[in-house]
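So this one's final.cif, mmCIF, C-alpha atoms:
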data_coords
#
loop_
_atom_site.label_atom_id
_atom_site.label_comp_id
_atom_site.auth_asym_id
_atom_site.auth_seq_id
_atom_site.Cartn_x
_atom_site.Cartn_y
_atom_site.Cartn_z
CA MET H 1 128.70 47.33 -88.06
CA ALA H 2 131.69 48.17 -85.86
CA ILE H 3 130.38 47.88 -82.31
CA VAL H 4 127.50 46.08 -80.59
CA PHE H 5 126.11 47.03 -77.18
CA SER H 6 123.88 44.58 -75.34
CA ASP H 7 122.05 44.50 -72.06
CA LEU H 8 122.48 41.26 -70.12
CA ASP H 9 119.47 40.29 -68.00
CA GLY H 10 116.41 39.69 -70.15
CA THR H 11 118.44 40.32 -73.31
CA PHE H 12 121.77 38.53 -73.83
CA LEU H 13 121.38 36.02 -71.01
CA THR H 14 118.72 33.33 -70.68
CA PRO H 15 116.39 33.41 -67.65
CA GLU H 16 118.87 31.00 -66.01
CA LYS H 17 121.60 33.65 -66.50
CA GLU H 18 123.44 31.58 -69.10
CA VAL H 19 124.79 32.53 -72.55
CA HIS H 20 122.72 30.87 -75.26
CA PRO H 21 124.89 28.94 -77.79
CA THR H 22 123.48 31.04 -80.65
CA ASN H 23 124.63 34.21 -78.88
CA LEU H 24 128.13 32.84 -78.41
CA ARG H 25 128.33 31.82 -82.07
CA ALA H 26 127.25 35.32 -83.11
CA LEU H 27 129.93 36.95 -80.95
CA GLU H 28 132.57 34.73 -82.50
CA ALA H 29 131.41 35.84 -85.95
CA LEU H 30 131.36 39.48 -84.84
CA ALA H 31 134.90 39.26 -83.46
CA ALA H 32 136.10 37.56 -86.65
CA SER H 33 134.74 40.50 -88.63
CA GLY H 34 136.68 42.96 -86.44
CA GLY H 35 133.69 44.17 -84.46
CA GLU H 36 133.55 44.82 -80.71
CA PHE H 37 130.99 43.58 -78.23
CA VAL H 38 130.17 45.77 -75.21
CA VAL H 39 128.34 44.39 -72.20
CA CYS H 40 125.95 47.19 -71.19
CA THR H 41 124.31 46.43 -67.87
CA GLY H 42 122.75 47.79 -64.72
CA ARG H 43 125.04 45.55 -62.68
CA PRO H 44 128.19 46.82 -60.97
CA LEU H 45 131.50 45.44 -62.22
CA ALA H 46 131.59 42.91 -59.37
CA GLY H 47 128.31 41.52 -60.73
CA LEU H 48 130.02 40.49 -63.97
CA PRO H 49 131.61 37.05 -63.63
CA GLU H 50 134.80 36.43 -65.57
CA SER H 51 132.87 34.42 -68.16
CA LEU H 52 131.02 37.61 -69.16
CA ARG H 53 134.13 39.79 -69.02
CA SER H 54 135.94 37.55 -71.50
CA LEU H 55 133.29 37.02 -74.18
CA PRO H 56 134.60 37.09 -77.77
CA GLY H 57 135.23 40.67 -78.90
CA ALA H 58 134.53 42.13 -75.44
CA ARG H 59 137.06 44.86 -74.62
CA HIS H 60 134.84 47.28 -72.68
CA ALA H 61 131.83 47.13 -70.38
CA VAL H 62 129.22 49.73 -69.50
CA CYS H 63 128.15 49.15 -65.89
CA VAL H 64 125.60 50.57 -63.45
CA ASN H 65 123.31 51.81 -66.25
CA GLY H 66 126.06 53.90 -67.82
CA ALA H 67 127.46 55.50 -64.66
CA VAL H 68 130.74 53.66 -65.30
CA VAL H 69 132.60 52.62 -68.47
CA VAL H 70 135.34 50.05 -67.95
CA ASP H 71 138.37 48.87 -69.96
CA LEU H 72 138.27 45.11 -69.37
CA ALA H 73 141.94 44.57 -70.24
CA ALA H 74 142.88 46.98 -67.45
CA VAL H 75 140.62 45.06 -65.06
CA ARG H 76 142.29 41.78 -65.99
CA ALA H 77 145.66 43.46 -65.32
CA GLY H 78 144.54 44.22 -61.78
CA GLY H 79 143.27 47.80 -62.04
CA ASP H 80 139.75 49.16 -61.67
CA GLY H 81 139.64 49.77 -65.42
CA ILE H 82 137.45 52.88 -65.17
CA ILE H 83 137.85 55.17 -68.16
CA HIS H 84 134.68 57.23 -67.67
CA ALA H 85 132.36 57.78 -64.70
CA THR H 86 129.28 59.84 -63.87
CA PRO H 87 128.81 59.18 -60.15
CA MET H 88 125.84 60.01 -57.98
CA GLY H 89 128.04 60.81 -54.99
CA PRO H 90 127.45 60.12 -51.30
CA GLY H 91 125.59 63.36 -50.56
CA ARG H 92 122.74 62.81 -52.98
CA ALA H 93 122.59 59.08 -52.19
CA ARG H 94 122.27 59.91 -48.49
CA ALA H 95 119.53 62.48 -49.13
CA VAL H 96 117.37 60.09 -51.17
CA TYR H 97 117.89 57.27 -48.68
CA ARG H 98 116.79 59.43 -45.76
CA ALA H 99 113.70 60.57 -47.66
CA VAL H 100 112.47 57.01 -48.29
CA ARG H 101 113.94 54.88 -45.49
CA HIS H 102 110.60 54.83 -43.60
CA LEU H 103 109.05 52.79 -46.42
CA ASP H 104 108.89 48.99 -46.53
CA ILE H 105 111.36 48.80 -49.40
CA GLU H 106 114.69 47.14 -50.15
CA ILE H 107 117.29 49.73 -51.03
CA ASP H 108 120.93 49.20 -51.93
CA VAL H 109 123.84 51.35 -53.06
CA MET H 110 126.27 50.62 -55.88
CA ALA H 111 129.72 51.99 -55.18
CA ASP H 112 133.35 51.16 -55.94
CA GLY H 113 132.27 48.42 -58.35
CA ARG H 114 130.18 46.62 -55.73
CA ALA H 115 126.62 46.66 -54.37
CA PHE H 116 125.81 47.07 -50.66
CA ALA H 117 122.52 46.24 -48.94
CA GLU H 118 121.19 46.48 -45.37
CA ARG H 119 120.75 43.06 -43.80
CA GLU H 120 117.28 43.67 -42.34
CA ARG H 121 115.85 44.91 -45.65
CA PHE H 122 117.80 42.44 -47.78
CA ASP H 123 116.36 39.50 -45.87
CA ARG H 124 112.94 40.50 -47.29
CA LEU H 125 114.13 40.59 -50.90
CA HIS H 126 112.15 37.45 -51.77
CA THR H 127 108.87 39.28 -51.09
CA TYR H 128 109.06 41.63 -54.10
CA GLY H 129 108.05 39.17 -56.82
CA LEU H 130 111.44 38.90 -58.55
CA THR H 131 112.01 35.98 -60.91
CA PRO H 132 114.10 33.15 -59.40
CA GLY H 133 117.07 33.79 -61.70
CA PHE H 134 117.14 37.52 -61.00
CA LEU H 135 116.63 36.99 -57.26
CA ASP H 136 119.56 34.58 -57.16
CA GLN H 137 121.78 36.97 -59.14
CA ILE H 138 121.03 39.83 -56.74
CA ARG H 139 121.65 37.69 -53.68
CA ARG H 140 125.03 36.59 -55.02
CA SER H 141 126.16 40.09 -56.01
CA ARG H 142 125.33 42.09 -52.84
CA THR H 143 127.59 42.80 -49.89
CA VAL H 144 125.26 42.75 -46.88
CA VAL H 145 125.98 45.21 -44.07
CA ASP H 146 124.46 45.75 -40.64
CA GLU H 147 124.75 49.55 -40.63
CA PRO H 148 122.20 51.91 -42.24
CA LEU H 149 123.22 52.81 -45.78
CA ASP H 150 123.39 56.54 -45.06
CA GLU H 151 126.25 55.71 -42.69
CA VAL H 152 127.87 53.20 -45.05
CA VAL H 153 128.21 55.66 -47.95
CA ASP H 154 130.54 57.86 -45.88
CA GLY H 155 133.14 55.10 -45.96
CA LEU H 156 132.87 54.45 -49.69
CA GLY H 157 134.72 56.06 -52.57
CA ARG H 158 132.78 56.50 -55.83
CA VAL H 159 129.02 56.15 -55.21
CA ASP H 160 127.28 55.37 -58.51
CA ARG H 161 123.62 54.51 -57.92
CA LEU H 162 120.79 53.55 -55.60
CA SER H 163 118.42 50.66 -56.35
CA VAL H 164 114.97 50.31 -54.80
CA TYR H 165 112.58 47.34 -54.76
CA TYR H 166 109.01 48.08 -53.69
CA HIS H 167 105.69 46.32 -53.09
CA THR H 168 103.06 48.94 -53.91
CA PRO H 169 102.45 51.76 -56.41
CA GLU H 170 102.26 54.15 -53.46
CA GLU H 171 105.78 53.21 -52.35
CA ARG H 172 106.98 53.59 -55.93
CA ASP H 173 105.42 57.05 -56.28
CA GLU H 174 106.91 58.27 -53.00
CA CYS H 175 110.37 57.13 -54.09
CA ILE H 176 109.96 58.84 -57.47
CA ALA H 177 108.91 62.06 -55.75
CA ALA H 178 112.05 61.95 -53.61
CA VAL H 179 114.21 61.57 -56.70
CA GLU H 180 112.43 64.21 -58.75
CA ALA H 181 112.81 66.72 -55.92
CA ASP H 182 116.45 66.94 -57.06
CA PRO H 183 116.68 67.78 -60.81
CA SER H 184 120.29 66.61 -60.91
CA LEU H 185 119.04 63.03 -60.45
CA SER H 186 117.00 60.70 -62.64
CA TRP H 187 115.35 57.30 -62.30
CA THR H 188 114.61 54.37 -64.56
CA SER H 189 113.69 50.70 -64.04
CA SER H 190 114.60 47.23 -65.24
CA GLU H 191 111.93 45.23 -63.42
CA SER H 192 108.26 45.82 -62.65
CA CYS H 193 109.07 46.30 -58.95
CA ASN H 194 112.25 48.38 -59.00
CA LEU H 195 113.70 51.86 -59.48
CA GLU H 196 117.30 52.66 -60.38
CA ILE H 197 118.44 56.13 -59.30
CA SER H 198 121.47 57.87 -60.79
CA ASP H 199 122.96 61.18 -61.77
CA ALA H 200 120.76 62.67 -64.49
CA ALA H 201 123.65 62.52 -66.99
CA ALA H 202 124.26 58.81 -66.44
CA SER H 203 122.47 56.46 -68.83
CA LYS H 204 123.27 53.59 -71.12
CA GLY H 205 122.65 55.89 -74.07
CA SER H 206 125.11 58.55 -72.93
CA ALA H 207 127.68 55.85 -72.19
CA LEU H 208 127.22 54.41 -75.69
CA GLU H 209 127.81 57.82 -77.22
CA TRP H 210 130.84 58.48 -75.01
CA LEU H 211 132.50 55.15 -75.78
CA CYS H 212 131.93 55.54 -79.51
CA ARG H 213 133.63 58.97 -79.37
CA HIS H 214 136.45 57.54 -77.25
CA LEU H 215 137.06 54.75 -79.76
CA GLY H 216 136.59 56.94 -82.81
CA VAL H 217 133.64 54.85 -84.00
CA PRO H 218 130.67 56.64 -85.58
CA VAL H 219 127.54 56.17 -83.49
CA ALA H 220 125.78 55.35 -86.77
CA ASP H 221 127.88 52.15 -86.88
CA SER H 222 126.62 50.94 -83.51
CA VAL H 223 123.94 48.35 -82.77
CA ALA H 224 122.22 48.00 -79.38
CA PHE H 225 119.97 45.33 -77.89
CA GLY H 226 117.74 45.71 -74.83
CA ASP H 227 114.53 44.63 -73.14
CA GLY H 228 113.91 47.08 -70.28
CA MET H 229 113.11 50.71 -69.67
CA ASN H 230 116.70 51.28 -68.53
CA ASP H 231 117.74 50.28 -72.07
CA THR H 232 115.60 52.80 -73.93
CA SER H 233 118.20 55.58 -74.01
CA MET H 234 120.69 53.11 -75.51
CA LEU H 235 118.23 51.87 -78.12
CA ALA H 236 117.40 55.44 -79.11
CA ALA H 237 121.07 56.52 -79.28
CA ALA H 238 122.41 53.60 -81.33
CA GLY H 239 122.64 53.61 -85.08
CA LEU H 240 120.39 50.55 -84.94
CA GLY H 241 118.40 49.94 -81.76
CA VAL H 242 116.87 46.47 -81.43
CA ALA H 243 114.24 45.63 -78.82
CA MET H 244 113.89 42.05 -77.67
CA ALA H 245 110.80 40.04 -78.56
CA ASN H 246 110.29 39.74 -74.79
CA ALA H 247 110.83 43.47 -74.13
CA GLN H 248 108.81 45.22 -71.45
CA PRO H 249 105.79 47.25 -72.62
CA GLY H 250 106.89 50.70 -73.76
CA VAL H 251 110.38 49.70 -74.93
CA ALA H 252 109.71 48.97 -78.61
CA PRO H 253 108.89 52.62 -79.57
CA PHE H 254 112.49 53.58 -78.72
CA ALA H 255 113.91 50.94 -81.08
CA ASP H 256 114.28 50.65 -84.83
CA ALA H 257 113.60 46.93 -84.95
CA SER H 258 112.83 43.89 -82.80
CA THR H 259 114.27 40.40 -82.54
CA ARG H 260 112.11 37.56 -83.72
CA LEU H 261 113.22 35.37 -80.77
CA THR H 262 113.28 35.97 -77.02
CA ASN H 263 116.32 35.96 -74.76
CA ASP H 264 115.49 32.36 -73.85
CA ASP H 265 115.98 31.36 -77.49
CA GLY H 266 119.11 33.36 -78.36
CA GLY H 267 117.32 36.35 -79.88
CA VAL H 268 120.41 38.57 -79.87
CA GLY H 269 122.55 35.97 -81.60
CA ASP H 270 119.88 35.13 -84.14
CA TYR H 271 119.54 38.81 -85.12
CA LEU H 272 123.31 39.41 -85.21
CA LEU H 273 124.03 36.37 -87.35
CA ARG H 274 121.50 37.50 -89.91
CA LEU H 275 122.89 41.04 -89.77
CA LEU H 276 126.42 39.71 -90.33
CA GLY H 277 125.28 37.34 -93.06
CA ALA H 278 126.89 34.51 -91.12
#

What's the structure tokens form of this structure?
Amino acid sequence: MAIVFSDLDGTFLTPEKEVHPTNLRALEALAASGGEFVVCTGRPLAGLPESLRSLPGARHAVCVNGAVVVDLAAVRAGGDGIIHATPMGPGRARAVYRAVRHLDIEIDVMADGRAFAERERFDRLHTYGLTPGFLDQIRRSRTVVDEPLDEVVDGLGRVDRLSVYYHTPEERDECIAAVEADPSLSWTSSESCNLEISDAAASKGSALEWLCRHLGVPVADSVAFGDGMNDTSMLAAAGLGVAMANAQPGVAPFADASTRLTNDDGGVGDYLLRLLGA
């Protein structure tokens, strides 16, 4: 086992967004064996606090569901650290936004390592049924703007993804239809009330494969952990894909195995320690 990829929310982190002691102990054992740990998340880089960027064995991070791969040492040296990117771009982001802006949804854009949200919509974020920990994490990681997002994207550099939070199945279906009208885009989800919209070539699985090639590590030597539908491409691509005991319905068929413990109980660390024989 040379490299381990893990989702954060619902997987590596507890519901309180903390690192379980068992997970930290497993990463220390992994690093001692010469293995690398890769944070693989839907968050933008700005959504990763320094404590998560400096975990034992962590030299790279996959952000925004695979749209960006980052060298963490370069970030610590003051650069953006981007070594691979599959952006959505402002044109496609603007088109999707304009197709769904009439809906009662929260929509934000991830660009330049940050996440931007419209103030009027963002103020209703608490109405979508998000868990308290996830709601707090989103609130802390968004830059709130007063302008419509289709105007904001013109002033941004690399536009990576749109995120949508909805109330009803009808709103969800209309958003999906807007995405699927453009075959160069794709959507996935990490929560029961959200959609994550990216370039069709951007996924955690494609990022895993790219980073393994970049590092000269056989994909067969990789292990991946995840709990959500946005993790399924990663679980399927890895040499060993492991679904969490608390995974969303539909995730387990993409994995080779499952943890015996949930994220609240250090399921990733428990599995890794047994895998390492530590």

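Among the candidates H:Leu162, H:Ile82, H:Val179, H:Val96, the residue lying nearest to Val109 in chain H is H:Leu162 (atoms considered: all atoms listed in the file).
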
Worksheet item: Out of H:Pro87, H:Gly226, H:Pro249, H:Gly205, which residue has the shortest atom-to-atom distance to Thr262 in chain H when counting only C-alpha atoms?
Response: H:Gly226

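Minimum distance to Ala245 in chain H across H:Thr11, H:Val64, H:Asp150, H:Ser190 (counting only C-alpha atoms) occurs at H:Thr11.
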
Fill in: Matched chain/residue IDs from the PyMOL selection byres ((chain H and resi 136-141) around 9), as a ChimeraX atom specification
/H:17,43-44,46-48,114-116,122,125,131-135,142-143

Worksheet entry | Option closest in space to Gly241 in chain H, from H:Leu215, H:Ala93, H:Val69, H:Leu208 [counting all atoms listed in the file] |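 The shortest atom-to-atom distance to Gly241 in chain H comes from H:Leu208.
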
Worksheet item: Which residues come within 6 Å of Ile3 in chain H, counting only C-alpha atoms, excluding same-chain residues fewer than 4 positions away, as a list in words?
Response: Gly35, Glu36, Phe37 and Ser222 of chain H

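When all atoms listed in the file are used to compute distances to Ala220 in chain H, the closest of the residues H:Val251, H:Leu273, H:Leu8, H:Leu240 turns out to be H:Leu240.
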
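CA of Val62 in chain H is found 28.9 Å from CA of Ala99 in chain H.
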
Which centre and edge lengths in Å to one decimal define the box along x, y and z that fits every listed atom of range 104-107 of chain H plus 5 Å per side, as lines of an AutoDock Vina configuration file?
center_x = 113.1
center_y = 48.4
center_z = -48.8
size_x = 18.4
size_y = 12.6
size_z = 14.5

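Nearest residue to Ile176 in chain H among H:Leu30, H:Met244, H:Ala117, H:Val100 is H:Val100, counting all atoms listed in the file.
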
Fill in: Atomic distance CA of Arg53 in chain H - CA of Gly277 in chain H, expressed in Å with one decimal
25.7 Å

Worksheet item: So what do you get for CA of Leu275 in chain H versus CA of Leu211 in chain H, distance-wise?
Response: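 Computed distance, CA of Leu275 in chain H to CA of Leu211 in chain H, equals 22.1 Å.
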
Discussion item. Applying 12 Å and all atoms listed in the file, which residues near range 70-78 of chain H remain after dropping the ones on its own chain fewer than 4 positions away? List them as a PyMOL selection string.
Written reply: chain H and resi 37-41+44-46+48-50+52-55+57-64+66+82-85+113+207+210-211+214-215

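Residues matching the PyMOL selection byres ((chain H and resi 196) around 7) in this structure come to H:Leu162, H:Ser163, H:Val164, H:Trp187, H:Thr188, H:Ser189, H:Asn194, H:Leu195, H:Ile197, H:Ser198.
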
Using the chain letters and numbering of this document, enumerate as a PDB file with C-alpha atoms, keeping the file's coordinate frame the residues selected by the PyMOL selection byres ((chain H and resi 269) around 8).
ATOM      1  CA  THR H  22     123.480  31.040 -80.650  1.00  0.00           C
ATOM      2  CA  ASN H  23     124.630  34.210 -78.880  1.00  0.00           C
ATOM      3  CA  LEU H  24     128.130  32.840 -78.410  1.00  0.00           C
ATOM      4  CA  ARG H  25     128.330  31.820 -82.070  1.00  0.00           C
ATOM      5  CA  ALA H  26     127.250  35.320 -83.110  1.00  0.00           C
ATOM      6  CA  LEU H  27     129.930  36.950 -80.950  1.00  0.00           C
ATOM      7  CA  GLY H 266     119.110  33.360 -78.360  1.00  0.00           C
ATOM      8  CA  GLY H 267     117.320  36.350 -79.880  1.00  0.00           C
ATOM      9  CA  VAL H 268     120.410  38.570 -79.870  1.00  0.00           C
ATOM     10  CA  ASP H 270     119.880  35.130 -84.140  1.00  0.00           C
ATOM     11  CA  TYR H 271     119.540  38.810 -85.120  1.00  0.00           C
ATOM     12  CA  LEU H 272     123.310  39.410 -85.210  1.00  0.00           C
ATOM     13  CA  LEU H 273     124.030  36.370 -87.350  1.00  0.00           C
TER      14      LEU H 273
END

Practice prompt. Could you give me, as a ChimeraX atom specification, the residues that sit within 12 Å of (123.7, 53.0, -44.1) in the file's coordinates, counting only C-alpha atoms?
Written response: /H:90,93-98,101,107-109,116-121,144-156,162

Worksheet item: Counting all atoms listed in the file, what is within 7 Å of Ala243 in chain H, bar same-chain residues fewer than 5 positions away, as a list in words?
Response: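 Those residues are Phe225, Gly226, Asp227, Val251, Ala252, Ala255, Ala257, Ser258 and Thr259 of chain H.
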
Worksheet item: Could you name the residues that touch Ala201 in chain H at 10 Å or less, counting only C-alpha atoms, but leaving out those on the same chain fewer than 5 positions away, as JSON, numbers by chain?
Response: {"H": [66, 67, 86, 87, 88, 184, 185, 186, 206, 207]}
